[in-house]
$ cat input_37.cif   # mmCIF, C-alpha atoms
data_coords
#
loop_
_atom_site.label_atom_id
_atom_site.label_comp_id
_atom_site.auth_asym_id
_atom_site.auth_seq_id
_atom_site.Cartn_x
_atom_site.Cartn_y
_atom_site.Cartn_z
CA MET W 6 4.55 -16.78 26.33
CA ASN W 7 3.66 -19.90 24.31
CA TRP W 8 5.63 -21.16 21.31
CA ALA W 9 3.32 -19.49 18.76
CA GLU W 10 3.69 -16.13 20.49
CA GLN W 11 7.46 -16.58 20.75
CA ARG W 12 7.60 -17.42 17.04
CA ALA W 13 5.66 -14.23 16.20
CA GLN W 14 8.02 -12.19 18.34
CA ILE W 15 11.10 -13.66 16.63
CA LEU W 16 9.62 -12.95 13.18
CA ALA W 17 8.85 -9.34 14.18
CA THR W 18 12.44 -8.88 15.41
CA ILE W 19 13.84 -10.33 12.18
CA LYS W 20 11.67 -7.98 10.12
CA SER W 21 12.78 -4.97 12.19
CA LYS W 22 16.49 -5.78 11.88
CA LYS W 23 16.21 -6.39 8.15
CA GLY W 24 14.50 -3.00 7.82
CA VAL W 25 17.39 -1.27 9.60
CA MET W 26 19.94 -3.08 7.42
CA GLN W 27 17.99 -2.19 4.28
CA ALA W 28 17.97 1.49 5.30
CA ILE W 29 21.77 1.46 5.75
CA MET W 30 22.38 -0.21 2.39
CA THR W 31 19.85 2.03 0.61
CA LYS W 32 21.53 5.15 1.98
CA ALA W 33 24.92 4.00 0.71
CA ALA W 34 23.51 3.01 -2.69
CA THR W 35 21.68 6.29 -3.23
CA GLU W 36 24.87 8.19 -2.34
CA LYS W 37 26.71 6.05 -4.95
CA ARG W 38 29.28 4.74 -2.49
CA SER W 39 30.12 1.62 -0.56
CA THR W 40 29.27 1.33 3.11
CA SER W 41 31.50 3.15 5.58
CA ASP W 42 33.40 1.32 8.32
CA ASP W 43 30.74 2.19 10.90
CA GLU W 44 27.94 1.13 8.55
CA GLU W 45 29.74 -2.09 7.69
CA ASN W 46 30.11 -2.89 11.40
CA GLN W 47 26.40 -2.23 11.92
CA VAL W 48 25.47 -4.48 8.99
CA LYS W 49 27.75 -7.28 10.19
CA ALA W 50 26.29 -7.06 13.70
CA ILE W 51 22.77 -7.27 12.27
CA GLU W 52 23.76 -10.23 10.09
CA ASP W 53 25.11 -12.02 13.19
CA ASP W 54 21.83 -11.29 15.01
CA LEU W 55 19.83 -12.60 12.05
CA VAL W 56 21.79 -15.87 12.04
CA ARG W 57 21.01 -16.33 15.72
CA LEU W 58 17.36 -15.40 15.27
CA GLU W 59 16.94 -17.77 12.32
CA ALA W 60 18.43 -20.57 14.43
CA ASN W 61 15.99 -19.77 17.26
CA LEU W 62 13.11 -19.67 14.81
CA LYS W 63 14.08 -23.10 13.50
CA ARG W 64 14.14 -24.50 17.04
CA VAL W 65 10.73 -23.00 17.86
CA ASP W 66 9.27 -24.38 14.62
CA GLY W 67 10.57 -27.79 15.69
CA PHE W 68 8.90 -27.49 19.09
CA ILE W 69 5.60 -26.50 17.45
CA ALA W 70 5.85 -29.46 15.08
CA ASP W 71 6.55 -31.79 18.03
CA MET W 72 3.46 -30.44 19.84
CA ALA W 73 1.31 -31.06 16.77
CA THR W 74 2.60 -34.64 16.60
CA ALA W 75 2.03 -35.18 20.31
CA ALA W 76 -1.54 -33.90 20.03
CA THR W 77 -2.41 -36.86 17.79
CA ALA W 78 -0.95 -39.44 20.18
CA ALA W 79 -3.33 -41.58 22.23
CA THR W 80 -1.34 -41.25 25.49
CA PRO W 81 0.44 -37.97 26.19
CA VAL W 82 3.97 -38.29 27.55
CA ALA W 83 5.25 -35.71 30.02
CA GLY W 84 7.45 -33.24 28.17
CA ASP W 85 5.88 -33.75 24.73
CA SER W 86 3.90 -30.52 25.04
CA GLU W 87 4.85 -27.07 26.25
CA GLU W 88 2.53 -27.38 29.29
CA GLU W 89 3.91 -30.78 30.32
CA ALA W 90 7.47 -29.58 29.89
CA ALA W 91 6.66 -26.66 32.18
CA ALA W 92 5.15 -29.07 34.69
CA SER W 93 8.30 -31.18 34.68
CA ALA W 94 10.42 -28.10 35.14
CA GLU W 95 8.35 -27.25 38.21
CA GLY W 96 8.87 -30.71 39.68
CA GLU W 97 5.75 -32.41 38.38
CA ALA W 98 7.47 -35.13 36.35
CA ASP W 99 4.75 -37.76 36.80
CA PRO W 100 3.35 -38.34 33.26
CA VAL W 101 -0.14 -39.02 34.64
CA LYS W 102 -0.22 -35.79 36.67
CA ALA W 103 1.30 -33.82 33.84
CA ALA W 104 -1.32 -35.15 31.42
CA LYS W 105 -4.07 -33.96 33.79
CA ARG W 106 -2.87 -30.38 33.78
CA VAL W 107 -5.56 -28.07 32.40
CA THR W 108 -4.83 -25.29 29.95
CA VAL W 109 -7.43 -22.53 29.68
CA THR W 110 -7.79 -21.09 26.18
CA SER W 111 -9.35 -17.66 25.72
CA ASN W 112 -12.53 -17.38 23.67
CA LEU W 113 -12.40 -13.58 23.56
CA GLY W 114 -12.75 -11.92 20.19
CA GLN W 115 -9.65 -10.18 18.85
CA GLY W 116 -9.11 -6.86 20.59
CA ILE W 117 -11.81 -7.42 23.23
CA GLY W 118 -9.19 -8.17 25.90
CA PHE W 119 -7.51 -4.84 25.16
CA ALA W 120 -10.87 -3.04 25.41
CA LYS W 121 -11.62 -4.73 28.74
CA ALA W 122 -8.25 -3.70 30.15
CA MET W 123 -8.64 -0.08 29.00
CA ARG W 124 -12.18 0.18 30.38
CA ALA W 125 -10.96 -1.21 33.70
CA ARG W 126 -8.28 1.50 33.84
CA VAL W 127 -10.80 4.25 33.16
CA ALA W 128 -13.35 2.81 35.60
CA ALA W 129 -10.66 2.70 38.32
CA GLN W 130 -9.87 6.38 37.79
CA LEU W 131 -13.55 7.23 38.03
CA GLU W 132 -13.78 5.32 41.30
CA ARG W 133 -10.69 7.03 42.72
CA LYS W 134 -12.25 10.39 41.85
CA ASN W 135 -15.11 9.41 44.14
CA GLY W 136 -12.75 8.49 46.99
CA SER W 137 -12.39 4.73 46.43
CA ASN W 138 -8.78 3.56 46.45
CA VAL W 139 -9.03 0.89 43.75
CA SER W 140 -6.78 -0.07 40.87
CA ALA W 141 -7.57 -1.23 37.36
CA LEU W 142 -6.56 -4.70 38.51
CA ASP W 143 -9.12 -4.53 41.34
CA VAL W 144 -11.84 -3.52 38.88
CA ALA W 145 -10.94 -6.34 36.48
CA LYS W 146 -10.97 -8.93 39.27
CA ALA W 147 -14.32 -7.66 40.53
CA ARG W 148 -15.72 -8.05 37.01
CA ASN W 149 -14.28 -11.59 36.75
CA GLU W 150 -12.35 -10.65 33.62
CA PRO W 151 -10.39 -13.40 31.79
CA GLU W 152 -6.92 -14.41 32.94
CA GLN W 153 -5.04 -12.66 30.10
CA VAL W 154 -6.71 -9.34 31.05
CA ILE W 155 -5.71 -9.85 34.70
CA ARG W 156 -2.11 -10.62 33.73
CA PHE W 157 -1.99 -7.60 31.41
CA LEU W 158 -3.07 -5.29 34.24
CA GLN W 159 -0.78 -6.97 36.78
CA LYS W 160 2.15 -5.56 34.85
CA ASP W 161 0.94 -2.08 35.81
CA ALA W 162 0.31 -3.07 39.40
CA ILE W 163 3.84 -4.35 40.06
CA VAL W 164 5.82 -2.01 37.81
CA GLY W 165 9.06 -0.97 39.48
CA ARG W 166 9.10 -4.01 41.81
CA THR W 167 11.84 -6.52 41.08
CA ASP W 168 11.12 -8.59 44.19
CA ALA W 169 7.51 -9.42 43.23
CA PRO W 170 7.00 -13.19 42.79
CA GLU W 171 4.74 -12.44 39.84
CA MET W 172 7.55 -10.81 37.85
CA GLU W 173 8.85 -14.05 36.35
CA ALA W 174 5.39 -15.04 35.13
CA LEU W 175 4.93 -11.64 33.51
CA VAL W 176 7.90 -11.87 31.16
CA GLN W 177 5.76 -11.72 28.03
CA ASP W 178 4.93 -9.40 25.17
CA ASP W 179 1.85 -7.19 25.16
CA ASN W 180 -0.43 -9.50 23.22
CA LEU W 181 -3.55 -7.47 23.98
CA SER W 182 -1.97 -4.26 22.65
CA ASN W 183 -0.74 -6.15 19.60
CA GLU W 184 -4.28 -7.36 18.93
CA PHE W 185 -5.53 -3.75 18.89
CA VAL W 186 -2.79 -2.69 16.47
CA GLU W 187 -3.55 -5.61 14.16
CA LEU W 188 -7.25 -4.76 14.16
CA LEU W 189 -6.42 -1.14 13.37
CA ARG W 190 -4.23 -2.23 10.47
CA GLU W 191 -7.11 -4.23 9.02
CA ARG W 192 -9.25 -1.09 8.88
CA THR W 193 -6.91 1.48 7.34
CA VAL W 194 -6.03 1.88 3.68
CA PHE W 195 -2.53 2.80 4.82
CA ASP W 196 -1.94 -0.62 6.37
CA LYS W 197 -3.62 -2.51 3.50
CA LEU W 198 -0.92 -1.27 1.14
CA THR W 199 2.24 -3.35 0.99
CA GLY W 200 5.83 -2.69 0.01
CA PHE W 201 6.72 0.46 2.00
CA ARG W 202 10.39 1.14 2.76
CA SER W 203 10.83 0.82 6.53
CA VAL W 204 13.09 3.43 8.12
CA PRO W 205 13.77 4.61 11.70
CA PHE W 206 12.21 7.76 13.19
CA ASN W 207 14.14 11.06 13.18
CA THR W 208 16.40 10.25 10.25
CA LYS W 209 17.32 11.93 6.98
CA MET W 210 17.13 9.84 3.84
CA VAL W 211 18.65 10.71 0.48
CA ASN W 212 16.16 10.96 -2.39
CA GLN W 213 16.85 11.19 -6.10
CA LEU W 214 15.52 14.38 -7.70
CA THR W 215 16.58 13.73 -11.28
CA GLY W 216 17.62 10.62 -13.14
CA GLY W 217 21.06 9.90 -14.53
CA VAL W 218 21.77 10.45 -18.23
CA ALA W 219 23.89 8.09 -20.30
CA SER W 220 25.21 8.63 -23.83
CA TRP W 221 27.65 7.14 -26.32
CA VAL W 222 31.11 8.70 -26.27
CA GLY W 223 33.51 8.85 -29.19
CA GLU W 224 37.20 8.13 -28.89
CA GLY W 225 39.04 10.95 -27.20
CA LEU W 226 35.87 12.98 -26.60
CA THR W 227 34.72 14.44 -23.28
CA LYS W 228 32.32 12.22 -21.37
CA PRO W 229 29.06 13.95 -20.39
CA THR W 230 27.97 14.34 -16.80
CA THR W 231 25.89 11.31 -15.87
CA ASN W 232 25.25 11.76 -12.16
CA PRO W 233 21.67 12.31 -11.02
CA THR W 234 20.88 15.06 -8.52
CA PHE W 235 19.86 14.28 -4.96
CA GLY W 236 17.99 15.87 -2.10
CA THR W 237 17.05 14.77 1.42
CA VAL W 238 13.82 13.67 3.06
CA ARG W 239 13.49 13.83 6.83
CA ILE W 240 11.36 11.30 8.72
CA ASP W 241 10.21 12.90 11.97
CA GLU W 242 8.52 11.14 14.86
CA HIS W 243 4.85 12.00 14.49
CA LYS W 244 2.15 11.04 16.95
CA LEU W 245 -1.38 10.35 15.80
CA ALA W 246 -3.97 10.92 18.53
CA ALA W 247 -7.64 9.97 18.24
CA ILE W 248 -10.14 10.87 20.96
CA SER W 249 -13.42 9.10 21.69
CA ILE W 250 -15.95 10.41 24.22
CA PHE W 251 -18.10 8.21 26.44
CA THR W 252 -20.48 8.82 29.33
CA ASP W 253 -19.23 7.85 32.80
CA GLU W 254 -22.18 5.49 33.13
CA PHE W 255 -21.11 3.62 30.01
CA LEU W 256 -17.52 3.26 31.20
CA ARG W 257 -18.66 1.86 34.56
CA ASN W 258 -20.90 -0.63 32.77
CA SER W 259 -19.46 -4.14 33.03
CA ARG W 260 -21.73 -5.80 30.44
CA PRO W 261 -19.80 -7.63 27.69
CA LYS W 262 -21.48 -5.76 24.81
CA ALA W 263 -20.02 -2.51 26.13
CA ASP W 264 -16.50 -3.81 25.42
CA GLY W 265 -17.30 -4.28 21.73
CA VAL W 266 -18.80 -0.77 21.44
CA PHE W 267 -15.75 0.72 23.19
CA LEU W 268 -13.32 -1.15 20.91
CA ASP W 269 -15.17 -0.28 17.68
CA ASP W 270 -15.29 3.42 18.56
CA LEU W 271 -11.54 3.60 19.27
CA LEU W 272 -10.71 1.71 16.08
CA ALA W 273 -13.00 3.86 13.94
CA ALA W 274 -11.55 7.11 15.30
CA CYS W 275 -7.96 5.98 14.66
CA ALA W 276 -8.64 4.53 11.21
CA GLU W 277 -10.49 7.63 10.00
CA LEU W 278 -7.65 9.94 11.04
CA VAL W 279 -4.90 7.73 9.55
CA ASP W 280 -6.66 7.43 6.19
CA SER W 281 -7.69 11.08 5.87
CA THR W 282 -4.16 12.27 6.72
CA PHE W 283 -2.36 9.75 4.52
CA LEU W 284 -4.58 10.36 1.47
CA GLY W 285 -4.70 14.11 2.04
CA ALA W 286 -2.95 16.97 0.26
CA ALA W 287 -1.89 18.98 3.32
CA ALA W 288 1.75 19.93 3.77
CA GLY W 289 3.74 18.36 6.57
CA THR W 290 4.25 20.17 9.88
CA ASP W 291 6.10 19.47 13.12
CA VAL W 292 3.08 17.50 14.33
CA THR W 293 1.62 16.01 11.11
CA PRO W 294 3.23 14.12 8.22
CA ALA W 295 2.40 15.44 4.76
CA GLY W 296 -0.39 13.79 2.82
CA ILE W 297 0.79 11.75 -0.15
CA LEU W 298 -1.12 14.08 -2.52
CA ASN W 299 0.78 17.14 -1.31
CA GLY W 300 2.48 18.80 -4.28
CA VAL W 301 0.72 16.54 -6.79
CA THR W 302 -1.49 17.99 -9.53
CA GLY W 303 -4.35 15.65 -10.35
CA ILE W 304 -5.72 14.67 -13.74
CA THR W 305 -9.17 16.16 -14.32
CA ALA W 306 -11.64 13.40 -15.17
CA THR W 307 -13.31 13.55 -18.58
CA GLY W 308 -16.47 11.80 -17.40
CA GLN W 309 -17.84 8.71 -15.69
CA THR W 310 -18.85 6.55 -18.63
CA GLY W 311 -17.03 3.36 -19.50
CA ASP W 312 -15.03 5.04 -22.27
CA ALA W 313 -14.22 8.03 -20.08
CA TYR W 314 -12.98 5.83 -17.23
CA ARG W 315 -10.85 3.86 -19.69
CA ALA W 316 -9.29 7.03 -21.15
CA ASP W 317 -8.67 8.61 -17.74
CA LEU W 318 -7.09 5.45 -16.30
CA LYS W 319 -4.83 5.23 -19.35
CA ALA W 320 -3.79 8.86 -18.83
CA LEU W 321 -3.11 8.07 -15.16
CA ALA W 322 -0.88 5.14 -16.09
CA VAL W 323 1.02 7.21 -18.67
CA GLU W 324 1.64 10.02 -16.18
CA PHE W 325 2.76 7.51 -13.57
CA LEU W 326 5.07 5.74 -16.00
CA THR W 327 6.59 9.05 -17.03
CA GLY W 328 7.49 9.84 -13.43
CA ASN W 329 8.30 6.41 -12.01
CA LYS W 330 9.35 4.47 -15.13
CA SER W 331 7.54 1.29 -14.03
CA LEU W 332 4.15 0.06 -12.82
CA THR W 333 5.77 -2.84 -10.96
CA GLY W 334 4.52 -2.71 -7.37
CA ALA W 335 2.01 0.08 -8.09
CA GLN W 336 -1.42 -0.04 -6.44
CA LEU W 337 -4.71 1.80 -6.95
CA ILE W 338 -6.80 3.39 -4.21
CA MET W 339 -10.45 4.32 -4.68
CA SER W 340 -13.68 4.43 -2.71
CA GLU W 341 -15.97 1.41 -2.49
CA VAL W 342 -18.59 3.38 -4.43
CA MET W 343 -16.14 4.04 -7.27
CA ALA W 344 -15.00 0.40 -7.29
CA TYR W 345 -18.61 -0.79 -7.43
CA GLU W 346 -19.38 1.59 -10.30
CA LEU W 347 -16.43 0.30 -12.33
CA ALA W 348 -17.42 -3.30 -11.58
CA ASP W 349 -20.99 -2.62 -12.73
CA LEU W 350 -20.07 -1.26 -16.17
CA VAL W 351 -20.75 -3.61 -19.10
CA ASP W 352 -20.28 -3.35 -22.85
CA ALA W 353 -22.95 -3.74 -25.55
CA LEU W 354 -22.74 -7.54 -25.24
CA GLY W 355 -23.20 -7.50 -21.48
CA ASN W 356 -19.55 -8.32 -20.72
CA THR W 357 -17.83 -6.68 -17.75
CA MET W 358 -15.76 -3.77 -19.04
CA PHE W 359 -13.22 -3.82 -16.22
CA ARG W 360 -12.40 -7.40 -15.39
CA GLY W 361 -10.96 -7.90 -11.95
CA MET W 362 -13.06 -5.08 -10.49
CA ASP W 363 -15.99 -7.48 -9.99
CA ALA W 364 -14.01 -9.62 -7.54
CA GLN W 365 -14.64 -9.65 -3.79
CA ILE W 366 -13.41 -6.79 -1.60
CA GLY W 367 -9.73 -7.29 -0.88
CA SER W 368 -9.00 -9.08 -4.13
CA LYS W 369 -10.00 -6.51 -6.76
CA ALA W 370 -7.53 -5.62 -9.49
CA PHE W 371 -7.35 -3.47 -12.62
CA LYS W 372 -5.10 -4.82 -15.39
CA GLY W 373 -3.16 -6.76 -12.78
CA ILE W 374 -2.77 -3.76 -10.45
CA ASN W 375 -4.05 -4.37 -6.91
CA VAL W 376 -7.01 -2.18 -5.86
CA VAL W 377 -7.43 -1.00 -2.24
CA GLU W 378 -10.79 0.50 -1.25
CA SER W 379 -11.25 3.39 1.17
CA GLU W 380 -13.87 6.09 1.46
CA ALA W 381 -11.06 8.49 2.37
CA ALA W 382 -10.16 8.52 -1.35
CA ASP W 383 -13.12 10.94 -1.63
CA GLY W 384 -13.86 11.10 -5.35
CA LYS W 385 -10.36 10.23 -6.50
CA ILE W 386 -8.62 7.27 -8.11
CA ILE W 387 -5.09 7.30 -6.75
CA MET W 388 -2.11 5.37 -8.11
CA ILE W 389 0.73 4.89 -5.62
CA LYS W 390 4.03 3.04 -5.58
CA PRO W 391 4.59 2.06 -1.90
CA SER W 392 8.30 1.33 -2.50
CA GLU W 393 8.70 5.08 -3.04
CA ILE W 394 7.16 5.82 0.37
CA LEU W 395 9.39 5.86 3.47
CA LEU W 396 7.60 4.53 6.57
CA ALA W 397 8.51 4.76 10.27
CA ASP W 398 6.21 2.80 12.57
CA ASP W 399 7.12 1.21 15.92
CA GLY W 400 3.74 -0.50 16.25
CA ARG W 401 3.17 1.04 19.69
CA VAL W 402 -0.20 2.28 20.96
CA ASP W 403 -0.63 4.42 24.09
CA VAL W 404 -4.01 4.95 25.77
CA SER W 405 -4.83 7.72 28.25
CA TYR W 406 -7.97 9.15 29.85
CA SER W 407 -9.40 12.42 31.15
CA ASP W 408 -12.70 13.57 32.63
CA GLN W 409 -11.59 17.17 33.28
CA ALA W 410 -10.79 18.53 29.82
CA THR W 411 -12.90 20.53 27.40
CA ILE W 412 -12.93 18.89 23.97
CA VAL W 413 -13.07 21.38 21.09
CA ASN W 414 -14.07 20.20 17.61
CA GLY W 415 -14.52 23.13 15.27
CA ALA W 416 -17.33 25.31 16.64
CA THR W 417 -18.47 22.57 19.05
CA SER W 418 -17.04 22.12 22.53
CA ILE W 419 -17.81 19.54 25.23
CA ASN W 420 -16.96 20.09 28.90
CA LEU W 421 -16.38 16.56 30.17
CA TRP W 422 -16.70 17.34 33.89
CA GLN W 423 -19.88 19.35 33.41
CA GLN W 424 -21.59 16.64 31.37
CA ASN W 425 -20.37 13.56 33.30
CA MET W 426 -18.34 12.32 30.34
CA SER W 427 -14.86 10.97 29.85
CA ALA W 428 -12.50 11.09 26.87
CA VAL W 429 -10.23 8.22 25.94
CA ARG W 430 -7.24 9.13 23.78
CA VAL W 431 -5.40 6.56 21.65
CA GLU W 432 -1.96 7.54 20.33
CA ARG W 433 0.01 5.76 17.63
CA PHE W 434 3.57 6.74 16.72
CA ILE W 435 3.89 6.68 12.94
CA SER W 436 5.27 8.81 10.12
CA TRP W 437 5.85 8.63 6.38
CA ALA W 438 7.31 10.66 3.51
CA LYS W 439 7.58 10.37 -0.27
CA ARG W 440 11.02 9.74 -1.72
CA ARG W 441 9.86 11.46 -4.91
CA THR W 442 6.80 13.54 -5.79
CA SER W 443 6.14 11.19 -8.70
CA ALA W 444 5.47 8.33 -6.27
CA VAL W 445 1.77 9.25 -6.51
CA SER W 446 -0.64 10.34 -9.26
CA PHE W 447 -4.43 10.66 -9.18
CA ILE W 448 -7.60 11.39 -11.14
CA GLN W 449 -9.98 13.94 -9.63
CA TYR W 450 -13.71 13.29 -10.09
CA THR W 451 -16.31 15.87 -9.10
#
$ encode --input "input_37.cif" --output "structure tokens"
Amino acid sequence: MNWAEQRAQILATIKSKKGVMQAIMTKAATEKRSTSDDEENQVKAIEDDLVRLEANLKRVDGFIADMATAATAATPVAGDSEEEAAASAEGEADPVKAAKRVTVTSNLGQGIGFAKAMRARVAAQLERKNGSNVSALDVAKARNEPEQVIRFLQKDAIVGRTDAPEMEALVQDDNLSNEFVELLRERTVFDKLTGFRSVPFNTKMVNQLTGGVASWVGEGLTKPTTNPTFGTVRIDEHKLAAISIFTDEFLRNSRPKADGVFLDDLLAACAELVDSTFLGAAAGTDVTPAGILNGVTGITATGQTGDAYRADLKALAVEFLTGNKSLTGAQLIMSEVMAYELADLVDALGNTMFRGMDAQIGSKAFKGINVVESEAADGKIIMIKPSEILLADDGRVDVSYSDQATIVNGATSINLWQQNMSAVRVERFISWAKRRTSAVSFIQYT
């Protein structure tokens, strides 16, 4: 693990611990009480961990800065870079020899290493089905895959062995899996939104059903009840599974372009399912989190002219303000087609009617409210306040394979064995729930 990777890992740990601490404090606040002894001990322990992590982060930042300074020097000195320091630790203290050490940098596109590793696993299973006793590591070596792919698969090959000499070198995080998750997050509307409340899986969170009421009280008169009413929201551990089907011939293919096709198909399948579920109106079940539109009655659009859009968006804001009291942190979700239509509307003088909508994708805004584009919005303009959405996500992705199953999709079924095909299943553990129904409002267009 290099310094940059270690820095990323420390930052991720800090974010996770802060999320746990925030959940504890939020629970106490919503229950209108101070933290219990157990909660206080948990918070103090987390605060101690954060102090240590911040100190480690500061040290790593210093090492990275030293490396940047050393890179501009004319003559490298042994120990001024991470590689030279490692060489000295291994007994190679000669500055000249240390300076000659070669570091190989990957030129793989993001996520391609993960795709290569997964295809090697599937290809190995196909070979074993035909009687060849080969591992994914054997397949990757035969294909001359890059070093990081080999190291990723070595972890599978030596799992359970504590005496393997390779174990020390494999103490690293799963960078290839992380790359896949990051790519997936770039493609989903769910991950483009910011400001969710992070919570652990399998927990109950208190939610406020009604607001408190305050009033002036005369001398000696009875004070009115001011407490709001509360309910609970449970965050279960849901598992999202997307399946992509490939021919056996394709999976055995070792040509580089096949890796990109494989990666794109897995990403597209996952992204489509995340977006359609998140922006849906279906109720939650034991296996599926509820869509954010569940229980929400939409505003019927009055038309699709400039004036109609303006009136409907105003009605949307008023409804949202009535339920949530503030637009701070709110975001809009709409399809790219809808965003383009709004950006294309002009008044009688040729001026853009909705300024901010004519910006580039990823930076569009309406009256200062960030706009996220997704075709899963499907004829709706949705206003959401992410801070009112509870999110549980461990960032983990599991990949498995089968060539024996029958895949059923509606009225269509595919027998993998009969048609020489294989299915690759990607699973992501993630769940969400609204703290209040009023966290979301939307306009429905036909």
$ resolve_selection --input "input_37.cif" --expression "the PyMOL selection byres ((chain W and resi 9-18) around 10)" --output "tab-separated table (two decimals) with C-alpha atoms, in the coordinates of the input"
chain	number	residue	atom	x	y	z
W	6	MET	CA	4.55	-16.78	26.33
W	7	ASN	CA	3.66	-19.90	24.31
W	8	TRP	CA	5.63	-21.16	21.31
W	19	ILE	CA	13.84	-10.33	12.18
W	20	LYS	CA	11.67	-7.98	10.12
W	21	SER	CA	12.78	-4.97	12.19
W	22	LYS	CA	16.49	-5.78	11.88
W	23	LYS	CA	16.21	-6.39	8.15
W	24	GLY	CA	14.50	-3.00	7.82
W	54	ASP	CA	21.83	-11.29	15.01
W	55	LEU	CA	19.83	-12.60	12.05
W	58	LEU	CA	17.36	-15.40	15.27
W	59	GLU	CA	16.94	-17.77	12.32
W	61	ASN	CA	15.99	-19.77	17.26
W	62	LEU	CA	13.11	-19.67	14.81
W	63	LYS	CA	14.08	-23.10	13.50
W	64	ARG	CA	14.14	-24.50	17.04
W	65	VAL	CA	10.73	-23.00	17.86
W	66	ASP	CA	9.27	-24.38	14.62
W	68	PHE	CA	8.90	-27.49	19.09
W	69	ILE	CA	5.60	-26.50	17.45
W	177	GLN	CA	5.76	-11.72	28.03
W	178	ASP	CA	4.93	-9.40	25.17
W	180	ASN	CA	-0.43	-9.50	23.22
$ closest_residue --input "input_37.cif" --among "W:Ser405, W:Ser203, W:Asn138, W:Thr227" --to "Ala246 (chain W)" --atoms "only C-alpha atoms"
W:Ser405
$ residues_around --input "input_37.cif" --residues "Asp269 (chain W)" --least-positions-apart "6" --cutoff "12 Å" --atoms "only C-alpha atoms" --output "ChimeraX atom specification"
/W:115-117,119-120,185,188-189,192,249,262-263,275-277
$ residues_near_point --input "input_37.cif" --point "(-8.1, 14.0, -6.9)" --cutoff "7 Å" --atoms "all atoms listed in the file" --output "JSON, numbers by chain"
{"W": [303, 384, 385, 386, 447, 448, 449, 450]}
$ write_last_selection --input "input_37.cif" --atoms "C-alpha atoms" --output "PDB file, keeping the file's coordinate frame"
ATOM      1  CA  GLY W 303      -4.350  15.650 -10.350  1.00  0.00           C
ATOM      2  CA  GLY W 384     -13.860  11.100  -5.350  1.00  0.00           C
ATOM      3  CA  LYS W 385     -10.360  10.230  -6.500  1.00  0.00           C
ATOM      4  CA  ILE W 386      -8.620   7.270  -8.110  1.00  0.00           C
ATOM      5  CA  PHE W 447      -4.430  10.660  -9.180  1.00  0.00           C
ATOM      6  CA  ILE W 448      -7.600  11.390 -11.140  1.00  0.00           C
ATOM      7  CA  GLN W 449      -9.980  13.940  -9.630  1.00  0.00           C
ATOM      8  CA  TYR W 450     -13.710  13.290 -10.090  1.00  0.00           C
TER       9      TYR W 450
END
$ closest_residue --input "input_37.cif" --among "W:Val204, W:Val279, W:Arg148, W:Glu132" --to "Met30 (chain W)" --atoms "all atoms listed in the file"
W:Val204
